[in-house]
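A.B. asks: Below is the file input_34.csv, which contains CSV, C-alpha atoms (C1' of nucleotides).
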chain,number,residue,atom,x,y,z
A,1,MET,CA,-18.2,24.6,18.9
A,2,THR,CA,-20.2,21.9,17.2
A,3,ILE,CA,-18.8,18.6,16.1
A,4,LYS,CA,-19.1,19.8,12.5
A,5,GLU,CA,-17.0,22.9,13.1
A,6,VAL,CA,-14.2,20.9,14.7
A,7,CYS,CA,-14.3,18.4,11.9
A,8,GLU,CA,-13.9,21.2,9.3
A,9,ARG,CA,-11.1,22.7,11.2
A,10,TYR,CA,-9.1,19.5,11.3
A,11,HIS,CA,-10.4,17.8,8.1
A,12,ILE,CA,-11.7,14.7,9.8
A,13,THR,CA,-15.2,13.1,10.0
A,14,PRO,CA,-17.6,13.3,12.9
A,15,ASP,CA,-17.4,9.5,13.1
A,16,THR,CA,-13.7,9.7,13.7
A,17,LEU,CA,-14.1,12.3,16.4
A,18,ARG,CA,-16.8,10.3,18.2
A,19,TYR,CA,-14.6,7.2,17.8
A,20,TYR,CA,-11.7,9.0,19.5
A,21,GLU,CA,-13.9,9.9,22.4
A,22,ARG,CA,-15.3,6.4,22.7
A,23,VAL,CA,-11.9,4.8,23.0
A,24,GLY,CA,-10.5,7.6,25.2
A,25,ALA,CA,-8.1,9.2,22.8
A,26,ILE,CA,-9.8,12.4,23.9
A,27,PRO,CA,-11.7,12.9,27.2
A,28,ALA,CA,-15.5,13.1,27.2
A,29,VAL,CA,-16.6,16.3,25.5
A,30,GLY,CA,-19.1,18.7,27.2
A,31,ARG,CA,-22.7,18.6,26.1
A,32,THR,CA,-25.6,21.0,25.7
A,33,GLU,CA,-28.8,20.4,27.7
A,34,LYS,CA,-30.1,18.1,24.9
A,35,GLY,CA,-27.0,16.0,24.8
A,36,ILE,CA,-25.2,17.5,21.8
A,37,ARG,CA,-21.4,17.7,21.9
A,38,ASN,CA,-20.2,21.3,22.5
A,39,TYR,CA,-16.5,21.5,22.1
A,40,ALA,CA,-14.8,24.1,24.5
A,41,GLU,CA,-11.3,25.4,23.7
A,42,GLN,CA,-10.0,22.7,26.0
A,43,ASP,CA,-11.8,19.9,24.2
A,44,VAL,CA,-10.4,21.3,20.9
A,45,GLY,CA,-6.9,21.2,22.4
A,46,TRP,CA,-7.4,17.5,23.2
A,47,VAL,CA,-8.6,16.9,19.7
A,48,GLU,CA,-5.5,18.6,18.3
A,49,ASN,CA,-3.3,16.6,20.5
A,50,ALA,CA,-4.9,13.3,19.3
A,51,ILE,CA,-4.6,14.3,15.7
A,52,CYS,CA,-0.9,15.3,16.1
A,53,MET,CA,0.0,12.1,17.8
A,54,ARG,CA,-1.9,10.0,15.2
A,55,ASN,CA,-0.2,11.9,12.4
A,56,ALA,CA,3.0,10.8,13.9
A,57,GLY,CA,1.9,7.2,13.8
A,58,VAL,CA,1.2,6.9,17.5
A,59,PRO,CA,-1.4,4.1,18.0
A,60,VAL,CA,-4.8,5.3,19.3
A,61,GLU,CA,-4.4,3.1,22.4
A,62,MET,CA,-1.3,5.0,23.3
A,63,VAL,CA,-2.9,8.3,22.8
A,64,ALA,CA,-5.6,7.1,25.2
A,65,GLU,CA,-3.0,6.0,27.7
A,66,TYR,CA,-1.5,9.5,27.6
A,67,VAL,CA,-4.9,11.1,28.1
A,68,ARG,CA,-5.6,8.7,31.0
A,69,LEU,CA,-2.4,9.7,32.7
A,70,CYS,CA,-3.1,13.4,32.2
A,71,ARG,CA,-6.4,13.1,33.8
A,72,GLN,CA,-4.9,11.3,36.8
A,73,GLY,CA,-3.1,14.3,38.1
A,74,ASP,CA,0.3,15.4,39.2
A,75,GLU,CA,1.6,12.0,40.3
A,76,THR,CA,1.8,11.0,36.7
A,77,PHE,CA,4.3,13.6,35.4
A,78,SER,CA,7.1,11.1,35.1
A,79,ALA,CA,4.9,8.5,33.6
A,80,ARG,CA,3.8,11.0,31.0
A,81,ARG,CA,7.4,12.1,30.4
A,82,ASP,CA,8.4,8.4,29.9
A,83,LEU,CA,5.5,7.8,27.5
A,84,LEU,CA,6.4,10.8,25.4
A,85,ARG,CA,10.1,9.9,25.4
A,86,GLN,CA,9.1,6.5,24.1
A,87,VAL,CA,7.0,8.1,21.4
A,88,ARG,CA,9.9,10.4,20.5
A,89,GLY,CA,12.2,7.4,20.2
A,90,GLU,CA,9.9,5.7,17.8
A,91,LEU,CA,9.3,8.8,15.9
A,92,GLN,CA,13.0,9.4,15.4
A,93,LYS,CA,13.5,5.9,14.2
A,94,GLN,CA,10.7,6.3,11.7
A,95,ILE,CA,12.0,9.6,10.4
A,96,GLU,CA,15.4,8.0,9.9
A,97,LYS,CA,13.8,5.1,8.0
A,98,CYS,CA,11.8,7.5,5.8
A,99,GLN,CA,14.9,9.6,5.1
A,100,LYS,CA,16.8,6.5,4.0
A,101,GLU,CA,14.0,5.5,1.7
A,102,LEU,CA,13.9,9.1,0.4
A,103,GLU,CA,17.5,8.9,-0.6
A,104,ARG,CA,17.0,5.6,-2.3
A,105,LEU,CA,14.0,7.0,-4.1
A,106,GLU,CA,15.9,10.1,-5.3
A,107,TYR,CA,18.6,7.9,-6.8
A,108,LYS,CA,16.0,5.7,-8.5
A,109,ILE,CA,14.1,8.6,-9.9
A,110,GLU,CA,17.2,10.0,-11.3
A,111,ARG,CA,18.0,6.8,-13.1
A,112,TYR,CA,14.5,6.6,-14.4
A,113,GLU,CA,14.6,10.2,-15.6
A,114,ALA,CA,17.8,9.3,-17.5
A,115,ALA,CA,16.2,6.1,-18.8
A,116,VAL,CA,13.2,8.0,-20.1
A,117,GLU,CA,15.6,10.2,-22.1
A,118,THR,CA,18.0,7.5,-23.4
A,119,GLY,CA,15.7,4.4,-23.4
A,120,LYS,CA,18.3,2.6,-21.3
A,121,LEU,CA,18.2,2.0,-17.6
A,122,ILE,CA,21.6,2.1,-16.0
A,123,TRP,CA,22.4,1.2,-12.4
A,124,ASN,CA,25.5,2.4,-10.8
A,125,LYS,CA,26.4,-0.7,-8.8
A,126,SER,CA,28.6,1.1,-6.3
A,127,ALA,CA,26.0,3.6,-5.4
A,128,SER,CA,25.6,4.3,-1.7
A,129,CYS,CA,21.9,3.7,-1.6
A,130,GLY,CA,21.5,0.5,0.3
A,131,ALA,CA,19.6,-1.7,-2.2
A,132,ASP,CA,21.0,-1.6,-5.7
A,133,ALA,CA,18.6,-2.2,-8.5
A,134,PRO,CA,16.6,-5.3,-7.9
A,135,GLU,CA,14.8,-4.6,-11.1
A,136,GLN,CA,17.4,-5.4,-13.6
A,137,GLU,CA,15.3,-7.2,-16.3
A,138,SER,CA,14.6,-10.7,-15.3
B,1,MET,CA,19.2,-18.9,0.2
B,2,THR,CA,16.3,-20.3,2.2
B,3,ILE,CA,13.3,-18.4,3.3
B,4,LYS,CA,14.6,-18.6,6.9
B,5,GLU,CA,17.9,-17.0,6.0
B,6,VAL,CA,16.1,-14.2,4.2
B,7,CYS,CA,13.8,-13.7,7.2
B,8,GLU,CA,16.7,-13.5,9.6
B,9,ARG,CA,18.5,-11.0,7.4
B,10,TYR,CA,15.5,-8.7,7.3
B,11,HIS,CA,13.8,-9.5,10.6
B,12,ILE,CA,10.5,-10.5,9.1
B,13,THR,CA,8.5,-13.7,9.3
B,14,PRO,CA,8.2,-16.4,6.6
B,15,ASP,CA,4.5,-15.7,6.5
B,16,THR,CA,5.1,-12.1,5.5
B,17,LEU,CA,7.5,-13.1,2.8
B,18,ARG,CA,5.1,-15.6,1.3
B,19,TYR,CA,2.4,-13.0,1.6
B,20,TYR,CA,4.4,-10.5,-0.3
B,21,GLU,CA,5.0,-13.0,-3.0
B,22,ARG,CA,1.3,-14.0,-3.1
B,23,VAL,CA,0.2,-10.4,-3.6
B,24,GLY,CA,3.0,-9.6,-6.0
B,25,ALA,CA,5.0,-7.2,-3.9
B,26,ILE,CA,7.9,-9.4,-5.0
B,27,PRO,CA,8.0,-11.5,-8.1
B,28,ALA,CA,7.7,-15.3,-7.9
B,29,VAL,CA,10.8,-16.7,-6.2
B,30,GLY,CA,12.9,-19.6,-7.7
B,31,ARG,CA,12.4,-23.1,-6.3
B,32,THR,CA,14.3,-26.2,-5.8
B,33,GLU,CA,13.3,-29.4,-7.5
B,34,LYS,CA,11.0,-30.2,-4.6
B,35,GLY,CA,9.3,-26.8,-4.6
B,36,ILE,CA,11.1,-25.1,-1.8
B,37,ARG,CA,11.8,-21.4,-2.3
B,38,ASN,CA,15.4,-20.7,-3.1
B,39,TYR,CA,16.2,-17.0,-3.0
B,40,ALA,CA,18.8,-15.9,-5.5
B,41,GLU,CA,20.5,-12.5,-5.2
B,42,GLN,CA,18.0,-11.0,-7.4
B,43,ASP,CA,15.1,-12.3,-5.4
B,44,VAL,CA,16.7,-10.9,-2.2
B,45,GLY,CA,17.0,-7.6,-4.0
B,46,TRP,CA,13.3,-7.6,-4.6
B,47,VAL,CA,12.7,-8.4,-1.0
B,48,GLU,CA,14.8,-5.6,0.1
B,49,ASN,CA,12.9,-3.3,-2.2
B,50,ALA,CA,9.6,-4.3,-0.8
B,51,ILE,CA,10.8,-3.9,2.7
B,52,CYS,CA,12.2,-0.4,2.0
B,53,MET,CA,9.0,0.7,0.4
B,54,ARG,CA,6.9,-0.7,3.2
B,55,ASN,CA,9.1,1.0,5.8
B,56,ALA,CA,8.4,4.2,4.1
B,57,GLY,CA,4.7,3.6,4.4
B,58,VAL,CA,4.0,2.7,0.7
B,59,PRO,CA,1.0,0.4,0.5
B,60,VAL,CA,1.6,-3.2,-0.5
B,61,GLU,CA,-0.6,-2.8,-3.5
B,62,MET,CA,1.6,0.1,-4.8
B,63,VAL,CA,4.8,-2.0,-4.3
B,64,ALA,CA,3.1,-4.7,-6.3
B,65,GLU,CA,2.2,-2.1,-9.0
B,66,TYR,CA,5.8,-1.1,-9.2
B,67,VAL,CA,7.0,-4.7,-9.5
B,68,ARG,CA,4.4,-5.2,-12.2
B,69,LEU,CA,5.7,-2.3,-14.2
B,70,CYS,CA,9.3,-3.4,-13.8
B,71,ARG,CA,8.5,-6.8,-15.2
B,72,GLN,CA,6.7,-5.3,-18.2
B,73,GLY,CA,9.9,-4.0,-19.6
B,74,ASP,CA,11.4,-0.8,-21.1
B,75,GLU,CA,8.1,0.8,-22.1
B,76,THR,CA,7.3,1.5,-18.5
B,77,PHE,CA,10.2,3.7,-17.6
B,78,SER,CA,8.1,6.8,-17.4
B,79,ALA,CA,5.3,5.1,-15.5
B,80,ARG,CA,7.8,3.8,-13.0
B,81,ARG,CA,9.4,7.3,-12.7
B,82,ASP,CA,5.9,8.7,-12.1
B,83,LEU,CA,5.0,6.2,-9.5
B,84,LEU,CA,8.3,6.8,-7.6
B,85,ARG,CA,7.8,10.5,-7.9
B,86,GLN,CA,4.4,10.1,-6.3
B,87,VAL,CA,5.8,8.0,-3.5
B,88,ARG,CA,8.5,10.6,-3.0
B,89,GLY,CA,5.9,13.3,-2.6
B,90,GLU,CA,4.0,11.4,0.0
B,91,LEU,CA,7.1,10.5,1.8
B,92,GLN,CA,8.2,14.1,2.0
B,93,LYS,CA,4.8,15.1,3.4
B,94,GLN,CA,5.0,12.4,6.0
B,95,ILE,CA,8.5,13.4,7.0
B,96,GLU,CA,7.3,16.9,7.5
B,97,LYS,CA,4.4,15.8,9.6
B,98,CYS,CA,6.7,13.7,11.7
B,99,GLN,CA,9.2,16.5,12.2
B,100,LYS,CA,6.5,18.8,13.3
B,101,GLU,CA,5.3,16.3,15.9
B,102,LEU,CA,8.8,15.7,17.0
B,103,GLU,CA,9.2,19.4,17.8
B,104,ARG,CA,5.9,19.4,19.7
B,105,LEU,CA,7.1,16.4,21.6
B,106,GLU,CA,10.5,17.9,22.5
B,107,TYR,CA,8.7,20.9,23.9
B,108,LYS,CA,6.3,18.7,26.0
B,109,ILE,CA,9.1,16.5,27.2
B,110,GLU,CA,11.0,19.5,28.4
B,111,ARG,CA,8.0,20.7,30.3
B,112,TYR,CA,7.5,17.3,31.9
B,113,GLU,CA,11.2,17.1,32.8
B,114,ALA,CA,10.9,20.4,34.6
B,115,ALA,CA,7.6,19.2,36.2
B,116,VAL,CA,9.1,16.1,37.5
B,117,GLU,CA,11.8,18.3,39.2
B,118,THR,CA,9.5,21.0,40.5
B,119,GLY,CA,6.2,19.2,40.9
B,120,LYS,CA,4.5,21.8,38.8
B,121,LEU,CA,3.6,21.7,35.1
B,122,ILE,CA,4.0,25.1,33.4
B,123,TRP,CA,3.0,25.7,29.8
B,124,ASN,CA,4.4,28.6,27.9
B,125,LYS,CA,1.3,29.8,26.1
B,126,SER,CA,3.2,31.7,23.4
B,127,ALA,CA,5.3,28.7,22.5
B,128,SER,CA,5.7,28.0,18.8
B,129,CYS,CA,4.6,24.4,19.0
B,130,GLY,CA,1.3,24.4,17.3
B,131,ALA,CA,-0.9,22.9,20.0
B,132,ASP,CA,-0.4,24.4,23.4
B,133,ALA,CA,-1.2,22.3,26.4
B,134,PRO,CA,-4.5,20.7,26.1
B,135,GLU,CA,-3.7,18.9,29.4
B,136,GLN,CA,-4.1,21.7,31.9
B,137,GLU,CA,-5.8,20.0,34.8
B,138,SER,CA,-9.5,19.7,34.1
C,1,DA,C1',10.3,-47.1,12.1
C,2,DC,C1',9.3,-43.0,13.6
C,3,DT,C1',9.7,-38.5,15.4
C,4,DT,C1',11.3,-33.9,14.7
C,5,DG,C1',11.7,-29.9,12.2
C,6,DA,C1',11.6,-27.1,8.0
C,7,DC,C1',9.2,-26.4,4.3
C,8,DT,C1',4.7,-26.2,1.2
C,9,DT,C1',-0.4,-24.7,0.1
C,10,DA,C1',-5.1,-22.7,0.5
C,11,DG,C1',-7.8,-20.5,3.3
C,12,DA,C1',-9.4,-18.6,7.7
C,13,DG,C1',-8.7,-15.4,11.5
C,14,DT,C1',-6.9,-11.2,13.8
C,15,DT,C1',-5.8,-6.4,14.6
C,16,DG,C1',-6.1,-1.4,14.3
C,17,DA,C1',-8.5,2.3,12.8
C,18,DC,C1',-11.8,3.8,11.2
C,19,DT,C1',-16.6,4.0,8.7
C,20,DC,C1',-21.2,3.1,8.0
C,21,DC,C1',-25.9,2.1,9.4
C,22,DA,C1',-30.6,1.9,11.6
C,23,DG,C1',-33.4,4.1,14.5
C,24,DC,C1',-34.1,7.8,17.2
C,25,DC,C1',-34.6,13.1,18.7
C,26,DT,C1',-34.9,18.1,17.7
C,27,DG,C1',-34.9,22.7,15.7
C,28,DT,C1',-35.7,25.4,11.5
C,29,DA,C1',-37.7,26.3,6.9
C,30,DT,C1',-41.5,25.8,3.3
D,1,DA,C1',-47.4,20.0,9.4
D,2,DT,C1',-44.1,18.1,7.3
D,3,DA,C1',-39.9,17.6,5.4
D,4,DC,C1',-35.0,18.2,6.1
D,5,DA,C1',-30.5,19.0,8.2
D,6,DG,C1',-27.8,17.8,11.8
D,7,DG,C1',-27.1,15.5,16.0
D,8,DC,C1',-27.2,11.1,19.1
D,9,DT,C1',-26.3,5.9,20.2
D,10,DG,C1',-25.0,1.0,19.8
D,11,DG,C1',-23.4,-2.1,17.0
D,12,DA,C1',-22.0,-4.0,12.5
D,13,DG,C1',-19.0,-3.7,8.5
D,14,DT,C1',-14.7,-2.7,5.9
D,15,DC,C1',-10.0,-2.5,4.7
D,16,DA,C1',-5.0,-3.3,4.8
D,17,DA,C1',-1.6,-6.0,6.3
D,18,DC,C1',-0.5,-9.4,8.2
D,19,DT,C1',-0.7,-13.9,11.1
D,20,DC,C1',-2.2,-18.3,12.0
D,21,DT,C1',-4.0,-23.1,11.0
D,22,DA,C1',-4.7,-27.5,8.9
D,23,DA,C1',-3.0,-30.8,6.2
D,24,DG,C1',0.5,-32.4,3.5
D,25,DT,C1',5.8,-33.5,1.8
D,26,DC,C1',10.4,-34.4,2.7
D,27,DA,C1',15.3,-35.1,4.9
D,28,DA,C1',17.9,-36.1,8.9
D,29,DG,C1',18.5,-38.1,13.5
D,30,DT,C1',17.8,-42.0,17.3
Output the file's structure in the form of structure tokens.

C.D. replies:
Amino acid sequence: MTIKEVCERYHITPDTLRYYERVGAIPAVGRTEKGIRNYAEQDVGWVENAICMRNAGVPVEMVAEYVRLCRQGDETFSARRDLLRQVRGELQKQIEKCQKELERLEYKIERYEAAVETGKLIWNKSASCGADAPEQES
Amino acid sequence: MTIKEVCERYHITPDTLRYYERVGAIPAVGRTEKGIRNYAEQDVGWVENAICMRNAGVPVEMVAEYVRLCRQGDETFSARRDLLRQVRGELQKQIEKCQKELERLEYKIERYEAAVETGKLIWNKSASCGADAPEQES
DNA sequence: ACTTGACTTAGAGTTGACTCCAGCCTGTAT
DNA sequence: ATACAGGCTGGAGTCAACTCTAAGTCAAGT
């Protein structure tokens, strides 16, 4: 598989893919005789892994650390487990934050929908949404 | 309320707070006679708003745009609603992504927990977790 | 009187993650 | 045979979001 095909499959640019390889977020990809990257299924798997982790906000350096551990063999099982547990913890925290903000947003959007109708913005002070209306007119 | 107190309350640095003010992610904060920032409840509300939005991954520039709209008055209700709807859409997409990755992670962690016990890493190829094991030993 | 500590500003520097560029090679189409 | 598409490398550039620095003001403590 060429770099272009992989890029199309995952909607990323060749530059990004080469960058991931350079910094170790994926291991070195196989080449043709003339030095052109030729992605085997395994390579594509690594690409997918990197993209998944990045999508979840894992820093590139941490993806690289995980790859490093994987390539070191069986002695690193527990280290990998620990790394993934840490990622999981951060991901859970992030999801929670996002969900809180989503609730806050839903509430605000509702108010604005009413405001667009009535021309008046009304904030229910006792609403259970963390921040209440900082945007009362100054 | 001093800048320090606000910082302690939200676990951010004074630099960040001043930066938010500079770029308009919060409106100009009230000052004492000698020019020192004195955060009123309203100001703190704006700070909270900025932090919530940033936590949800909203770019600073977009927070500033929202603040700008709020300060422009009642004609911007629908614009604000649209902006928040857009933020909501992106937030929902992000939560979905994160949840997918969380599932993938749970699966991997389970495998690693088993691997730490048994010394062997076994991937269930038909698992429903998107990417299957890119890290079979090379 | 003077040091310490908390604040101010304008502006420069850093970090992470790309993203682009120049200069090169190579296989195919006109 | 020559242009063009697509790949390669090393290194520079960009962007967002801070983060730090220098130089200054001011109040309280010794």

A.B. asks: With all atoms listed in the file as the basis for distance, which of B:Ala114, B:Gly119, B:Thr2, B:Arg9 is at the shortest distance from Gly35 of chain B?

C.D. replies: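 Closest to Gly35 of chain B of all the choices is B:Thr2.
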
A.B. asks: Taking all atoms listed in the file into account, report as a PDB file with C-alpha atoms, keeping the file's coordinate frame which residues of chain B lie within 6 Å of chain A.

C.D. replies:
ATOM      1  CA  GLN B  42      18.000 -11.000  -7.400  1.00  0.00           C
ATOM      2  CA  GLY B  45      17.000  -7.600  -4.000  1.00  0.00           C
ATOM      3  CA  TRP B  46      13.300  -7.600  -4.600  1.00  0.00           C
ATOM      4  CA  ALA B  56       8.400   4.200   4.100  1.00  0.00           C
ATOM      5  CA  PHE B  77      10.200   3.700 -17.600  1.00  0.00           C
ATOM      6  CA  SER B  78       8.100   6.800 -17.400  1.00  0.00           C
ATOM      7  CA  ARG B  81       9.400   7.300 -12.700  1.00  0.00           C
ATOM      8  CA  CYS B  98       6.700  13.700  11.700  1.00  0.00           C
ATOM      9  CA  ILE B 109       9.100  16.500  27.200  1.00  0.00           C
ATOM     10  CA  TYR B 112       7.500  17.300  31.900  1.00  0.00           C
ATOM     11  CA  VAL B 116       9.100  16.100  37.500  1.00  0.00           C
ATOM     12  CA  PRO B 134      -4.500  20.700  26.100  1.00  0.00           C
TER      13      PRO B 134
END

A.B. asks: Do you have the atom CA of Glu8 of chain B-atom C1' of DA16 of chain D distance handy?

C.D. replies: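 Separating atom CA of Glu8 of chain B from atom C1' of DA16 of chain D is a distance of 24.5 Å.
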
A.B. asks: Each residue of chain B lying at most 12 Å from chain D should get a row with its shortest atom-to-atom pair and the distance in Å to one decimal, counting all atoms listed in the file; could you produce that, ordered by chain and increasing number, as CSV?

C.D. replies:
residue,atom,partner,partner_atom,distance
B:Ile12,CA,D:DC18,C1',11.1
B:Thr13,CA,D:DT19,C1',9.4
B:Pro14,CA,D:DT19,C1',10.3
B:Asp15,CA,D:DT19,C1',7.2
B:Thr16,CA,D:DC18,C1',6.8
B:Leu17,CA,D:DC18,C1',10.3
B:Arg18,CA,D:DC18,C1',10.8
B:Tyr19,CA,D:DC18,C1',8.1
B:Tyr20,CA,D:DC18,C1',9.9
B:Val23,CA,D:DA17,C1',11.0
B:Glu33,CA,D:DC26,C1',11.7
B:Lys34,CA,D:DC26,C1',8.4
B:Gly35,CA,D:DT25,C1',9.9
B:Ile36,CA,D:DC26,C1',10.4
B:Arg54,CA,D:DA17,C1',10.5
B:Gly57,CA,D:DA17,C1',11.6
B:Val58,CA,D:DA16,C1',11.6
B:Pro59,CA,D:DA16,C1',8.3
B:Val60,CA,D:DA17,C1',8.0
B:Glu61,CA,D:DA16,C1',9.4

A.B. asks: Could you give me, as CSV, every chain C residue with an atom at most 10 Å from chain B, plus its closest atom pair and distance in Å to one decimal, counting all atoms listed in the file, rows ordered by chain then number?

C.D. replies:
residue,atom,partner,partner_atom,distance
C:DA6,C1',B:Lys4,CA,9.1
C:DC7,C1',B:Ile36,CA,6.5
C:DT8,C1',B:Ile36,CA,7.2

A.B. asks: I'd like the interatomic distance between atom CA of Ala50 of chain B and atom CA of Glu21 of chain B, to a tenth of an Å.

C.D. replies: 10.1 Å

A.B. asks: May I ask which of the residues A:Met62, A:Ile26, A:Val6, A:Ile122 is the closest one to Asn38 of chain A, counting only C-alpha atoms?

C.D. replies: A:Val6

A.B. asks: Grab the atom CA of Tyr107 of chain B to atom CA of Gly30 of chain A distance for me, in Å with one decimal place.

C.D. replies: 28.1 Å

A.B. asks: My structure is short of atoms at segment 10-22 of chain B; please model N, CA and C atoms there, returning them as a compact mmCIF listing (two decimals), in the frame of the given file.

C.D. replies:
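Saved result, selection27.txt, follows:
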# COMPACT_ATOMS: atom_id res chain seq x y z
N TYR B 10 16.37 -9.88 7.31
CA TYR B 10 15.50 -8.70 7.30
C TYR B 10 14.59 -8.56 8.49
N HIS B 11 14.71 -9.51 9.41
CA HIS B 11 13.80 -9.50 10.60
C HIS B 11 12.36 -9.44 10.25
N ILE B 12 11.96 -10.34 9.42
CA ILE B 12 10.50 -10.50 9.10
C ILE B 12 10.20 -11.99 9.21
N THR B 13 8.93 -12.33 9.14
CA THR B 13 8.50 -13.70 9.30
C THR B 13 8.36 -14.36 7.88
N PRO B 14 8.47 -15.70 7.82
CA PRO B 14 8.20 -16.40 6.60
C PRO B 14 6.85 -16.10 6.00
N ASP B 15 5.89 -15.99 6.91
CA ASP B 15 4.50 -15.70 6.50
C ASP B 15 4.46 -14.39 5.69
N THR B 16 5.13 -13.39 6.21
CA THR B 16 5.10 -12.10 5.50
C THR B 16 5.74 -12.20 4.15
N LEU B 17 6.84 -12.93 4.09
CA LEU B 17 7.50 -13.10 2.80
C LEU B 17 6.66 -13.81 1.80
N ARG B 18 6.02 -14.86 2.25
CA ARG B 18 5.10 -15.60 1.30
C ARG B 18 3.93 -14.71 0.95
N TYR B 19 3.47 -13.94 1.91
CA TYR B 19 2.40 -13.00 1.60
C TYR B 19 2.78 -12.00 0.57
N TYR B 20 3.95 -11.43 0.69
CA TYR B 20 4.40 -10.50 -0.30
C TYR B 20 4.47 -11.10 -1.69
N GLU B 21 4.91 -12.34 -1.72
CA GLU B 21 5.00 -13.00 -3.00
C GLU B 21 3.60 -13.25 -3.58
N ARG B 22 2.70 -13.67 -2.69
CA ARG B 22 1.30 -14.00 -3.10
C ARG B 22 0.67 -12.74 -3.76
